[in-house]
Structures are given as C-alpha cells and as structure tokens.
file entry_10.csv (CSV, C-alpha atoms)
chain,number,residue,atom,x,y,z
A,25,MET,CA,54.7,-9.5,6.8
A,26,PRO,CA,51.1,-9.0,5.7
A,27,LEU,CA,48.5,-8.3,8.3
A,28,PRO,CA,46.1,-11.1,9.1
A,29,ARG,CA,42.7,-10.9,7.4
A,30,THR,CA,39.9,-10.0,9.7
A,31,ARG,CA,36.5,-11.7,9.3
A,32,GLY,CA,35.1,-8.6,7.7
A,33,THR,CA,38.0,-8.4,5.2
A,34,ALA,CA,37.6,-12.1,4.5
A,35,LEU,CA,33.9,-11.7,3.8
A,36,ARG,CA,34.5,-8.8,1.4
A,37,GLN,CA,37.1,-10.9,-0.4
A,38,ARG,CA,34.7,-13.8,-0.6
A,39,LEU,CA,31.9,-11.7,-1.9
A,40,ALA,CA,34.2,-10.2,-4.6
A,41,GLU,CA,35.1,-13.7,-5.7
A,42,LEU,CA,31.4,-14.6,-5.9
A,43,ARG,CA,30.7,-11.5,-8.0
A,44,GLY,CA,33.6,-12.1,-10.3
A,45,PRO,CA,37.1,-10.6,-10.2
A,46,GLU,CA,36.5,-8.0,-12.9
A,47,VAL,CA,32.9,-7.3,-12.1
A,48,PRO,CA,32.2,-4.0,-10.2
A,49,ALA,CA,29.8,-4.2,-7.3
A,50,LYS,CA,26.3,-2.9,-7.6
A,51,ALA,CA,25.6,-0.7,-4.7
A,52,LEU,CA,22.6,-1.6,-2.6
A,53,ASP,CA,19.8,1.0,-2.4
A,54,ALA,CA,16.7,1.4,-0.3
A,55,ARG,CA,14.5,-0.3,-2.9
A,56,ALA,CA,16.7,-3.4,-2.8
A,57,LEU,CA,17.0,-3.5,0.9
A,58,ALA,CA,13.2,-3.1,1.2
A,59,ALA,CA,12.7,-6.0,-1.2
A,60,LEU,CA,15.0,-8.1,1.0
A,61,ALA,CA,12.7,-7.4,3.9
A,62,ALA,CA,9.7,-8.5,1.8
A,63,ASN,CA,11.2,-12.0,1.3
A,64,PRO,CA,13.5,-12.6,4.2
A,65,GLY,CA,13.7,-16.4,3.6
A,66,CYS,CA,15.3,-16.1,0.2
A,67,LYS,CA,19.0,-17.0,0.5
A,68,ARG,CA,19.6,-16.5,-3.2
A,69,ARG,CA,18.6,-12.8,-3.1
A,70,ALA,CA,20.5,-12.3,0.1
A,71,ILE,CA,23.8,-13.6,-1.2
A,72,LEU,CA,23.4,-11.9,-4.6
A,73,ASP,CA,22.6,-8.5,-3.1
A,74,GLY,CA,25.3,-8.9,-0.4
A,75,ALA,CA,27.9,-9.6,-3.1
A,76,GLY,CA,26.8,-6.6,-5.2
A,77,VAL,CA,25.7,-8.8,-8.2
A,78,ASN,CA,23.8,-6.9,-10.9
A,79,LYS,CA,20.7,-9.1,-11.0
A,80,THR,CA,19.3,-7.5,-14.2
A,81,THR,CA,22.5,-8.5,-16.1
A,82,LEU,CA,22.4,-11.9,-14.4
A,83,ALA,CA,18.8,-12.5,-15.4
A,84,SER,CA,19.6,-11.7,-19.0
A,85,ALA,CA,22.6,-14.0,-19.0
A,86,LEU,CA,20.4,-16.8,-17.7
A,87,GLY,CA,17.9,-16.3,-20.5
A,88,SER,CA,15.2,-14.9,-18.3
A,89,PRO,CA,15.5,-11.1,-18.8
A,90,SER,CA,13.7,-9.0,-16.3
A,91,ALA,CA,10.8,-6.6,-17.0
A,92,PHE,CA,11.2,-5.3,-13.4
A,93,GLY,CA,11.6,-1.6,-13.0
A,94,GLN,CA,10.0,1.7,-13.8
A,95,SER,CA,9.3,2.9,-17.3
A,96,GLN,CA,10.9,6.1,-18.6
A,97,PHE,CA,7.5,7.7,-18.7
A,98,ALA,CA,6.8,6.8,-15.1
A,99,LEU,CA,10.2,8.2,-14.0
A,100,THR,CA,9.5,11.5,-15.9
A,101,ARG,CA,6.0,11.8,-14.4
A,102,GLY,CA,7.4,11.0,-10.9
A,103,ASN,CA,10.2,13.6,-11.2
A,104,ALA,CA,7.7,16.2,-12.4
A,105,PHE,CA,5.3,15.5,-9.5
A,106,GLU,CA,8.2,15.6,-6.9
A,107,ALA,CA,9.3,19.0,-8.3
A,108,LYS,CA,5.8,20.3,-7.9
A,109,VAL,CA,5.6,19.1,-4.3
A,110,LYS,CA,8.9,20.7,-3.4
A,111,ALA,CA,8.3,24.0,-5.2
A,112,ASP,CA,8.6,27.3,-3.4
A,113,GLY,CA,11.1,25.9,-0.8
A,114,GLY,CA,8.9,22.9,-0.1
A,115,ALA,CA,6.0,25.0,1.2
A,116,GLU,CA,3.3,22.5,0.1
A,117,LEU,CA,5.3,19.6,1.4
A,118,LEU,CA,5.8,21.2,4.8
A,119,ARG,CA,2.1,22.1,5.0
A,120,LEU,CA,1.2,18.5,4.5
A,121,VAL,CA,3.7,17.4,7.2
A,122,HIS,CA,2.2,19.9,9.6
A,123,GLU,CA,-1.4,19.0,8.7
A,124,ARG,CA,-0.9,15.2,8.9
A,125,LEU,CA,1.8,14.7,11.5
A,126,ASP,CA,2.3,17.8,13.8
A,127,ARG,CA,-0.8,20.0,14.1
A,128,SER,CA,0.3,21.1,17.6
A,129,ALA,CA,3.4,22.9,16.2
A,130,GLU,CA,3.5,26.3,14.7
A,131,PRO,CA,2.8,26.4,10.9
A,132,PRO,CA,5.9,26.2,8.8
A,133,THR,CA,5.9,29.8,7.5
A,134,ASP,CA,9.7,30.3,7.3
A,135,ALA,CA,11.4,27.0,7.0
A,136,ARG,CA,15.1,26.4,6.5
A,137,VAL,CA,16.3,24.4,3.4
A,138,PRO,CA,20.1,23.9,3.9
A,139,ASP,CA,22.4,23.2,1.0
A,140,LEU,CA,23.5,19.6,1.0
A,141,THR,CA,25.9,19.6,-1.9
A,142,ALA,CA,29.3,18.0,-1.4
A,143,ILE,CA,31.8,15.8,-3.3
A,144,GLY,CA,31.0,12.1,-3.5
A,145,PRO,CA,28.6,10.1,-1.4
A,146,GLU,CA,30.8,10.2,1.7
A,147,GLY,CA,30.9,14.0,1.5
A,148,ARG,CA,27.2,14.3,1.1
A,149,THR,CA,26.6,11.9,4.0
A,150,ALA,CA,28.8,14.0,6.3
A,151,ARG,CA,27.1,17.2,5.1
A,152,THR,CA,23.7,15.7,5.8
A,153,ALA,CA,24.7,14.6,9.3
A,154,LEU,CA,26.0,18.1,10.0
A,155,ALA,CA,22.7,19.7,8.6
A,156,LEU,CA,20.6,17.4,10.8
A,157,HIS,CA,22.7,18.3,13.9
A,158,GLU,CA,22.3,22.0,13.2
A,159,ALA,CA,18.6,21.7,12.5
A,160,THR,CA,18.0,19.8,15.7
A,161,GLU,CA,20.0,22.3,17.8
A,162,ALA,CA,18.0,25.2,16.2
A,163,SER,CA,14.8,24.2,18.1
A,164,GLY,CA,11.5,26.0,17.3
A,165,THR,CA,12.0,26.1,13.5
A,166,TRP,CA,11.1,23.8,10.6
A,167,THR,CA,13.9,22.4,8.4
A,168,LEU,CA,13.5,20.6,5.1
A,169,LEU,CA,16.4,18.4,3.8
A,170,ASP,CA,15.9,17.8,0.1
A,171,HIS,CA,17.4,14.5,-1.0
A,172,PRO,CA,19.8,14.0,1.9
A,173,MET,CA,22.4,11.2,1.8
A,174,LEU,CA,22.4,8.6,4.5
A,175,ALA,CA,24.7,5.6,5.1
A,176,LEU,CA,23.6,2.3,6.5
A,177,ASP,CA,26.0,-0.6,7.3
A,178,VAL,CA,25.1,-3.7,5.3
A,179,ALA,CA,27.3,-6.8,5.4
A,180,GLY,CA,30.2,-4.7,6.7
A,181,SER,CA,30.0,-2.1,3.9
A,182,PRO,CA,28.1,1.2,3.8
A,183,ALA,CA,25.1,1.4,1.6
A,184,PHE,CA,24.4,5.0,0.6
A,185,LEU,CA,20.7,5.9,0.6
A,186,GLU,CA,18.9,9.0,-0.7
A,187,PRO,CA,15.3,9.6,0.6
A,188,ASP,CA,13.1,12.1,-1.1
A,189,ALA,CA,13.1,14.3,1.9
A,190,VAL,CA,13.6,14.5,5.7
A,191,VAL,CA,11.8,17.1,7.8
A,192,VAL,CA,13.1,18.3,11.1
A,193,HIS,CA,10.2,19.4,13.3
A,194,PRO,CA,10.3,22.4,15.7
A,195,ASP,CA,10.6,19.9,18.6
A,196,GLY,CA,13.7,18.4,17.0
A,197,GLY,CA,12.0,15.2,15.8
A,198,TRP,CA,12.9,13.8,12.3
A,199,THR,CA,10.3,12.6,9.7
A,200,VAL,CA,11.0,10.7,6.5
A,201,VAL,CA,8.9,11.8,3.5
A,202,GLU,CA,8.3,9.5,0.5
A,203,ILE,CA,6.9,11.0,-2.7
A,204,LYS,CA,5.3,8.6,-5.1
A,205,SER,CA,3.5,9.1,-8.4
A,206,PHE,CA,0.8,6.5,-7.9
A,207,PRO,CA,-2.5,8.1,-7.0
A,208,MET,CA,-4.6,8.2,-3.8
A,209,LEU,CA,-8.2,7.6,-4.8
A,210,ASP,CA,-10.7,8.9,-2.2
A,211,GLY,CA,-8.0,9.0,0.4
A,212,SER,CA,-6.5,5.5,-0.2
A,213,ALA,CA,-3.9,4.0,-2.5
A,214,ASP,CA,-3.0,0.6,-3.8
A,215,PRO,CA,-2.1,-1.5,-0.6
A,216,SER,CA,0.7,-3.3,-2.3
A,217,LYS,CA,2.3,0.0,-3.5
A,218,VAL,CA,1.8,1.5,0.0
A,219,GLY,CA,3.5,-1.5,1.5
A,220,ALA,CA,6.5,-1.2,-0.8
A,221,ALA,CA,6.8,2.5,0.1
A,222,ALA,CA,6.5,1.7,3.8
A,223,ARG,CA,9.3,-0.9,3.6
A,224,GLN,CA,11.5,1.6,1.7
A,225,ALA,CA,10.8,4.3,4.2
A,226,ALA,CA,11.7,1.8,7.0
A,227,VAL,CA,15.2,1.5,5.5
A,228,TYR,CA,15.6,5.3,5.7
A,229,VAL,CA,14.4,5.4,9.3
A,230,LEU,CA,17.0,2.8,10.3
A,231,ALA,CA,19.7,4.9,8.6
A,232,LEU,CA,18.5,8.0,10.4
A,233,GLU,CA,18.5,6.2,13.7
A,234,GLU,CA,22.2,5.5,13.2
A,235,VAL,CA,22.9,9.2,12.6
A,236,ALA,CA,20.8,10.1,15.7
A,237,ALA,CA,22.6,7.6,17.9
A,238,ARG,CA,25.9,9.4,17.2
A,239,MET,CA,24.6,12.7,18.6
A,240,GLU,CA,25.0,13.8,22.2
A,241,SER,CA,21.3,14.6,22.6
A,242,VAL,CA,19.6,11.8,20.6
A,243,PRO,CA,16.7,13.2,18.7
A,244,LYS,CA,13.5,11.3,18.1
A,245,VAL,CA,13.2,9.6,14.7
A,246,ARG,CA,9.5,9.3,14.1
A,247,HIS,CA,8.1,6.0,13.1
A,248,ARG,CA,5.2,7.6,11.2
A,249,VAL,CA,6.3,8.7,7.8
A,250,LEU,CA,4.6,10.9,5.3
A,251,LEU,CA,3.5,9.4,2.0
A,252,VAL,CA,2.8,12.1,-0.6
A,253,CYS,CA,0.9,11.1,-3.8
A,254,PRO,CA,-1.3,12.7,-6.5
A,255,LYS,CA,-4.9,13.2,-5.4
A,256,ASP,CA,-7.4,11.2,-7.4
A,257,PHE,CA,-6.7,11.7,-11.1
A,258,SER,CA,-5.1,15.1,-10.8
A,259,ASN,CA,-1.5,16.3,-10.3
A,260,LEU,CA,-2.4,17.9,-7.0
A,261,PRO,CA,-0.5,16.5,-4.0
A,262,THR,CA,-2.2,14.8,-1.0
A,263,ALA,CA,-0.7,12.9,1.8
A,264,SER,CA,-1.2,10.2,4.4
A,265,ALA,CA,0.7,9.3,7.6
A,266,VAL,CA,1.9,5.7,7.5
A,267,ASP,CA,3.0,3.8,10.6
A,268,ILE,CA,6.1,1.8,9.6
A,269,ARG,CA,7.0,0.2,13.0
A,270,LYS,CA,6.3,-3.3,11.7
A,271,GLN,CA,8.3,-2.8,8.5
A,272,ARG,CA,11.1,-1.3,10.5
A,273,ALA,CA,11.3,-4.3,12.8
A,274,VAL,CA,11.3,-6.8,9.9
A,275,THR,CA,13.9,-4.8,7.9
A,276,ALA,CA,16.2,-4.6,11.0
A,277,ARG,CA,16.0,-8.4,11.5
A,278,GLN,CA,16.7,-9.0,7.8
A,279,LEU,CA,19.7,-6.6,7.8
A,280,THR,CA,21.0,-8.4,10.9
A,281,ARG,CA,20.7,-11.7,9.0
A,282,LEU,CA,22.4,-10.2,6.0
A,283,THR,CA,25.5,-9.2,8.1
A,284,ARG,CA,25.9,-12.9,8.7
A,285,ILE,CA,25.9,-13.7,5.0
A,286,GLN,CA,29.2,-15.5,5.5
A,287,ASP,CA,27.1,-18.4,6.7
A,288,ILE,CA,25.4,-18.6,3.3
A,289,ALA,CA,28.7,-18.2,1.4
A,290,ASP,CA,30.3,-21.0,3.4
A,291,THR,CA,27.7,-23.5,2.1
A,292,LEU,CA,28.4,-22.8,-1.6
A,293,PRO,CA,30.6,-25.2,-3.6
A,294,GLU,CA,34.2,-24.1,-4.1
A,295,GLY,CA,34.7,-21.9,-7.1
A,296,THR,CA,31.1,-20.7,-7.2
A,297,CYS,CA,30.9,-17.4,-9.3
A,298,PHE,CA,28.0,-15.4,-10.6
A,299,ALA,CA,30.0,-13.5,-13.3
A,300,PRO,CA,27.6,-12.9,-16.2
A,301,ASP,CA,30.2,-13.8,-18.9
A,302,LEU,CA,30.5,-17.4,-17.7
A,303,PRO,CA,29.1,-20.2,-19.9
A,304,ALA,CA,25.3,-20.5,-19.5
A,305,ASP,CA,25.4,-24.0,-17.9
A,306,GLU,CA,28.1,-22.9,-15.3
A,307,LEU,CA,26.2,-19.7,-14.5
A,308,THR,CA,22.9,-21.6,-14.1
A,309,ALA,CA,24.6,-24.2,-11.8
A,310,ALA,CA,26.0,-21.4,-9.7
A,311,VAL,CA,22.7,-19.7,-9.3
A,312,GLU,CA,20.9,-23.0,-8.6
A,313,SER,CA,23.4,-23.8,-5.9
A,314,VAL,CA,21.8,-21.2,-3.7
A,315,PRO,CA,18.2,-22.0,-2.4
A,316,ALA,CA,15.5,-19.6,-3.5
A,317,THR,CA,12.1,-18.9,-1.9
A,318,TYR,CA,10.0,-17.9,-4.8
A,319,ALA,CA,6.5,-16.3,-4.4
A,320,PRO,CA,4.4,-14.4,-6.9
A,321,GLU,CA,5.1,-11.2,-5.0
A,322,CYS,CA,8.7,-11.5,-6.3
A,323,LEU,CA,7.6,-10.5,-9.8
A,324,SER,CA,7.2,-6.9,-8.6
A,325,ALA,CA,10.4,-6.8,-6.5
A,326,CYS,CA,13.2,-8.9,-7.9
A,327,GLU,CA,14.9,-9.0,-11.3
A,328,LEU,CA,15.4,-12.8,-11.1
A,329,ALA,CA,11.7,-13.5,-10.6
A,330,PHE,CA,11.1,-14.9,-14.0
A,331,HIS,CA,14.0,-17.4,-13.7
A,332,CYS,CA,13.0,-18.4,-10.2
A,333,ARG,CA,9.3,-18.8,-11.2
A,334,SER,CA,10.3,-21.1,-14.1
A,335,ARG,CA,12.3,-23.3,-11.8
A,336,SER,CA,9.6,-23.3,-9.2
A,337,ARG,CA,7.0,-24.4,-11.7
A,338,GLU,CA,9.3,-27.1,-13.1
A,339,ALA,CA,9.7,-28.5,-9.5
A,340,GLY,CA,6.0,-28.3,-8.9
A,341,ALA,CA,6.6,-26.2,-5.8
A,342,VAL,CA,3.4,-24.9,-4.1
A,343,THR,CA,5.1,-21.6,-3.3
A,344,SER,CA,4.5,-20.6,-7.0
A,345,LEU,CA,0.8,-20.5,-6.0
A,346,GLY,CA,1.4,-17.9,-3.3
A,347,ARG,CA,2.6,-17.7,0.3
A,348,SER,CA,-0.9,-18.0,1.7
A,349,VAL,CA,-1.5,-21.3,-0.2
A,350,ARG,CA,2.0,-22.6,1.0
A,351,ALA,CA,1.1,-21.7,4.6
A,352,GLU,CA,-2.2,-23.7,4.4
A,353,LEU,CA,-0.5,-26.9,3.1
A,354,GLY,CA,1.9,-27.5,5.9
A,355,GLY,CA,4.5,-30.2,5.0
A,356,LEU,CA,3.1,-30.7,1.5
A,357,THR,CA,5.7,-28.8,-0.6
A,358,THR,CA,4.9,-29.9,-4.1
A,359,VAL,CA,1.7,-29.9,-6.2
A,360,GLU,CA,2.3,-33.7,-6.8
A,361,ASP,CA,2.2,-34.3,-3.0
A,362,VAL,CA,-0.9,-32.2,-2.7
A,363,LEU,CA,-2.8,-34.1,-5.4
A,364,ALA,CA,-1.6,-37.5,-4.0
A,365,ALA,CA,-2.8,-36.5,-0.5
A,366,ALA,CA,-6.2,-35.4,-1.9
A,367,ARG,CA,-6.6,-38.7,-3.7
A,368,GLY,CA,-5.7,-40.7,-0.6
A,369,ALA,CA,-2.6,-42.1,-2.2
A,370,ALA,CA,-0.2,-40.5,0.3
A,371,GLY,CA,-0.2,-38.3,3.4
A,372,ASP,CA,-1.0,-38.8,7.1
A,373,PRO,CA,-4.8,-38.8,7.6
A,374,ASP,CA,-4.3,-37.1,10.9
A,375,ASP,CA,-2.6,-34.2,9.3
A,376,PRO,CA,-5.1,-31.3,9.2
A,377,ALA,CA,-4.0,-30.2,5.7
A,378,VAL,CA,-4.3,-33.7,4.3
A,379,ALA,CA,-7.8,-34.2,6.0
A,380,ALA,CA,-8.9,-30.8,4.5
A,381,LEU,CA,-7.7,-31.8,1.0
A,382,ARG,CA,-9.5,-35.1,1.1
A,383,ARG,CA,-12.7,-33.5,2.3
A,384,ALA,CA,-12.4,-31.0,-0.5
A,385,ALA,CA,-11.8,-33.8,-3.0
A,386,ARG,CA,-15.0,-35.6,-1.8
A,387,LEU,CA,-17.1,-32.5,-2.0
A,388,ARG,CA,-15.8,-31.8,-5.5
A,389,ALA,CA,-16.6,-35.3,-6.7
A,390,GLU,CA,-20.1,-35.1,-5.2
A,391,ALA,CA,-20.7,-31.8,-6.9
A,392,LEU,CA,-19.5,-33.1,-10.2
A,393,GLU,CA,-21.7,-36.2,-9.9
A,394,GLY,CA,-24.7,-34.1,-9.0
A,395,HIS,CA,-24.1,-31.8,-11.9
A,396,GLY,CA,-23.7,-34.7,-14.3
A,397,ALA,CA,-27.0,-36.2,-13.2
A,398,THR,CA,-28.8,-32.9,-13.6
A,399,THR,CA,-27.4,-32.4,-17.0
A,400,ALA,CA,-28.4,-35.9,-18.2
A,401,ALA,CA,-31.9,-35.5,-16.9
A,402,GLY,CA,-32.3,-32.1,-18.6
A,403,VAL,CA,-31.2,-33.5,-21.9
A,404,THR,CA,-33.9,-36.2,-21.9
A,405,VAL,CA,-36.9,-34.4,-20.6
A,406,GLY,CA,-39.8,-34.8,-23.0
A,407,GLY,CA,-37.6,-36.4,-25.5
A,408,ALA,CA,-36.3,-33.0,-26.6
A,409,ALA,CA,-32.8,-31.6,-26.4
A,410,TRP,CA,-32.4,-28.8,-23.8
call {"tool": "encode", "arguments": {"input": "entry_10.csv", "output": "structure tokens"}}
result
Amino acid sequence: MPLPRTRGTALRQRLAELRGPEVPAKALDARALAALAANPGCKRRAILDGAGVNKTTLASALGSPSAFGQSQFALTRGNAFEAKVKADGGAELLRLVHERLDRSAEPPTDARVPDLTAIGPEGRTARTALALHEATEASGTWTLLDHPMLALDVAGSPAFLEPDAVVVHPDGGWTVVEIKSFPMLDGSADPSKVGAAARQAAVYVLALEEVAARMESVPKVRHRVLLVCPKDFSNLPTASAVDIRKQRAVTARQLTRLTRIQDIADTLPEGTCFAPDLPADELTAAVESVPATYAPECLSACELAFHCRSRSREAGAVTSLGRSVRAELGGLTTVEDVLAAARGAAGDPDDPAVAALRRAARLRAEALEGHGATTAAGVTVGGAAW
C-alpha cells in the first residue's frame, strides 16, 4: 500500500506538473531570491521560481526574449577583479574587513583559509558547516571561507547558495562579503546596484543564520556586510559596510510567502503548464493565468520583464509608469481612469488623487492658454513676424 502524500510531497508534485513532466527544475540562486524580495507582490514570478521554471527559455518561447543578465565581458572582468581581491590568501580582503567592520580586533596577519572542496552541493554544504564550526571554536583568529556553499529551505526544497566569501572574526562573528565589478566613485556607488547587492547579501545572511541556529553556541551573524568594488576608474579594491537589516526582513517575509506557494497553485486552472514546447497560445494563456505586478524595475531583475511590460502597456496599467506613480494614484489603476478623472468625466471628487488630477489639469489648461495668448501677441507686434 503506497504511503499517503504529505503536503510537502503534494506541493513538489504540483510544481513539477506546472513546470512540465520532462522539464528539469532550474535551481533558485541568491540573485533570483533577491529579485523576489524586490517585487514581493508578483505572484507570477513567485510561482515560476517556486516551480523551477527557466524564465529565460520561457520568455523566448513567448516571443519576448530577455536581454537580462551579465555580458561575457562583464563576467570576465568581475572574475579578474575577484581574483585580485582574494590574492595572497585574501590578505587585501581581510584588511578591508578589519578596516571597515572590526577595527577593535587584531589585524589579520595570519588568517586561516580552509579547503571547502567536496563532492556535490550537499557535500560542499556539509563541509562549509564544519569549517564554520571549527573557525568559530578557534576564537582569536581570522578565517576566510572562499566561495562556501550554503543551503536555504525554499518552498520545501533546498536552494544551494554560493556567496563570494564569508569571514569569521576573532570574536566568532560571521560576515558576508560581496565582491562586485561596478565602481565606487568618490566613495559611493550606483544606489540601484548597491540595493541589488544588499538584497543578495541578505539571502546569504538568512542561510548563515540557519547554519548558526544548529550550533550549540550560536554565533553572531552580522547584519552589516562588506561590499567590495573597484575604486574610481582603477582596478584597485575599495569597500563599504552596508547595513542589510531592512533587506533581510523583506527577504525573510517573501520566503515565508513563497513556502505557501500552494495557495497560488490552487488558484490556477486545471492542467496549467509552463513547458516551453507548448503551442504559443496555450503557453501564453498559462502565463497570463497568473497575475503579475509589473514595474520598470523588473527590467533589471526578471527575464519575463519585456513580456509583462508589453501586457501592462496593452492594459493601460499605471504600474508601467513606476511604483511611485502607482502609489500616488490610489484606486485609479489604468491610464484611461486617470485621464477620465482629470477631465472630470469620472472619479469621486472627494478622492485626494482625483482632486489633485483635476487641479493639475486646470493648471495645465491655464498655462497653455496663457502661452497661446503670449505667442499670438508676439507674432503681431509691429506687424512683423517674431
């Protein structure tokens, strides 16, 4: 007699059906989990990532291929910069950690760099956990873990994550290090890129907290991470401490929501499948059966952004103009509704958004009338054309 299916087993089976019976699952990584946190209201992304759907392949099958991702040149440059930062046993990286995050500790003159090689992601995860335990017990020394492997439970399945580095301080605390190839100019970097790096680091911090929670003496996982970038227009490394407490809280909430992805799956029509080899109309209908929350920020974070942008524009949704605009307009969800409210043809006059739109429309009309009168007067002055 077969064993009854548990809720977790049933969910995995349901997600496999959504992905397609012959389609392998695409593992979630930290970048994908961070992007989920950046747009927590998008059910479409949540179900596709939870089911392990390859969104790049899906976007191509829908006729909206994605330009999302790093170029080969950027990857090569990033790898070269990371190798430079970690040269000589990570001496420069550890110096930056000491300088930016832990000046009270002894300088890292003789740091440990344990070997983390093992067979498969499960083996590497276990080896990383052991190295973290040993480094924490050996108090008073610095330890650098180069590309450790961490596991984070996502929708009942482990997502294997690989941060650039984790540093164990002499006091036993753990710090995540993110190495990026975008520059810091005069001590500051592009805020959007720093935000993306902070969200990615928050995923690693959550995974480290799971490792720490399994230890007898729970070490401190620091919520200030180190972001290492090239200085100005050189290839010399510089660093900045980034507080990721807000990003960590948002990511934790989103991952909790993702573990309840069964609720989203239960709302889908029977037989819904996202297999890329389906006929175009069936595949489009399947994707459109899941609500999306598009915003311009999706263009830098999601492979389906072009498809969702096209649909958002066709529907006249104000979200295509940006989240800040959407927030200002309250219950007005389409451009048509906004224009009708501004003209006075629709909308509640007591609604602050409607009142502001009508006032803006009056001011615009007055400005245009005044500009027209001035132009007409200018043309006829002295009977000459001006």
call {"tool": "closest_residue", "arguments": {"input": "entry_10.csv", "among": "A:Ala135, A:Val266, A:Leu125, A:Met208", "to": "Cys253 (chain A)", "atoms": "only C-alpha atoms"}}
result
A:Met208
call {"tool": "closest_residue", "arguments": {"input": "entry_10.csv", "among": "A:Thr308, A:Ser344, A:Asn78, A:Ser84", "to": "Ala51 (chain A)", "atoms": "only C-alpha atoms"}}
result
A:Asn78
call {"tool": "atom_distance", "arguments": {"input": "entry_10.csv", "atom1": "CA of Leu57 (chain A)", "atom2": "CA of Leu292 (chain A)"}}
result
22.6 Å
call {"tool": "residues_around", "arguments": {"input": "entry_10.csv", "residues": "Pro373 (chain A)", "least_positions_apart": "6", "cutoff": "9 Å", "atoms": "all atoms listed in the file", "output": "list in words"}}
result
Ala365, Ala379 and Arg382 of chain A
call {"tool": "atom_distance", "arguments": {"input": "entry_10.csv", "atom1": "CA of Leu86 (chain A)", "atom2": "CA of Thr291 (chain A)"}}
result
22.1 Å
call {"tool": "closest_residue", "arguments": {"input": "entry_10.csv", "among": "A:Leu392, A:Leu381, A:Ala310, A:Ala222", "to": "Ala273 (chain A)", "atoms": "all atoms listed in the file"}}
result
A:Ala222
call {"tool": "closest_residue", "arguments": {"input": "entry_10.csv", "among": "A:Val192, A:Val218, A:Val200, A:Ala377", "to": "Ala129 (chain A)", "atoms": "only C-alpha atoms"}}
result
A:Val192
call {"tool": "atom_distance", "arguments": {"input": "entry_10.csv", "atom1": "CA of Val109 (chain A)", "atom2": "CA of Gly211 (chain A)"}}
result
17.6 Å
call {"tool": "axis_aligned_box", "arguments": {"input": "entry_10.csv", "around": "region 338-350 of chain A", "padding_each_side": "3 Å", "output": "JSON"}}
result
{"center_x": 4.1, "center_y": -23.1, "center_z": -5.7, "size_x": 17.2, "size_y": 16.8, "size_z": 20.8}
call {"tool": "closest_residue", "arguments": {"input": "entry_10.csv", "among": "A:Thr100, A:Thr275, A:Thr165, A:Asn259", "to": "Ala62 (chain A)", "atoms": "all atoms listed in the file"}}
result
A:Thr275
call {"tool": "closest_residue", "arguments": {"input": "entry_10.csv", "among": "A:Pro207, A:Pro194, A:Pro64, A:Gly144", "to": "Leu118 (chain A)", "atoms": "all atoms listed in the file"}}
result
A:Pro194
call {"tool": "residues_around", "arguments": {"input": "entry_10.csv", "residues": "Arg136 (chain A)", "least_positions_apart": "2", "cutoff": "9 Å", "atoms": "only C-alpha atoms", "output": "PyMOL selection string"}}
result
chain A and resi 113+134+138+159+165-169
call {"tool": "residues_near_point", "arguments": {"input": "entry_10.csv", "point": "(-6.7, 13.2, -10.5)", "cutoff": "12 Å", "atoms": "only C-alpha atoms", "output": "compact mmCIF listing (two decimals) with C-alpha atoms, in the frame of the given file"}}
result
# COMPACT_ATOMS: atom_id res chain seq x y z
CA SER A 205 3.50 9.10 -8.40
CA PHE A 206 0.80 6.50 -7.90
CA PRO A 207 -2.50 8.10 -7.00
CA MET A 208 -4.60 8.20 -3.80
CA LEU A 209 -8.20 7.60 -4.80
CA ASP A 210 -10.70 8.90 -2.20
CA GLY A 211 -8.00 9.00 0.40
CA CYS A 253 0.90 11.10 -3.80
CA PRO A 254 -1.30 12.70 -6.50
CA LYS A 255 -4.90 13.20 -5.40
CA ASP A 256 -7.40 11.20 -7.40
CA PHE A 257 -6.70 11.70 -11.10
CA SER A 258 -5.10 15.10 -10.80
CA ASN A 259 -1.50 16.30 -10.30
CA LEU A 260 -2.40 17.90 -7.00
CA PRO A 261 -0.50 16.50 -4.00
CA THR A 262 -2.20 14.80 -1.00
call {"tool": "residues_near_point", "arguments": {"input": "entry_10.csv", "point": "(15.7, 11.0, 13.4)", "cutoff": "7 Å", "atoms": "all atoms listed in the file", "output": "short mmCIF file (atom, residue, chain, number, x, y, z; two decimals) with C-alpha atoms, in the frame of the given file"}}
result
data_model
loop_
_atom_site.label_atom_id
_atom_site.label_comp_id
_atom_site.auth_asym_id
_atom_site.auth_seq_id
_atom_site.Cartn_x
_atom_site.Cartn_y
_atom_site.Cartn_z
CA GLY A 197 12.00 15.20 15.80
CA TRP A 198 12.90 13.80 12.30
CA THR A 199 10.30 12.60 9.70
CA LEU A 232 18.50 8.00 10.40
CA GLU A 233 18.50 6.20 13.70
CA ALA A 236 20.80 10.10 15.70
CA PRO A 243 16.70 13.20 18.70
CA LYS A 244 13.50 11.30 18.10
CA VAL A 245 13.20 9.60 14.70
CA ARG A 246 9.50 9.30 14.10
#
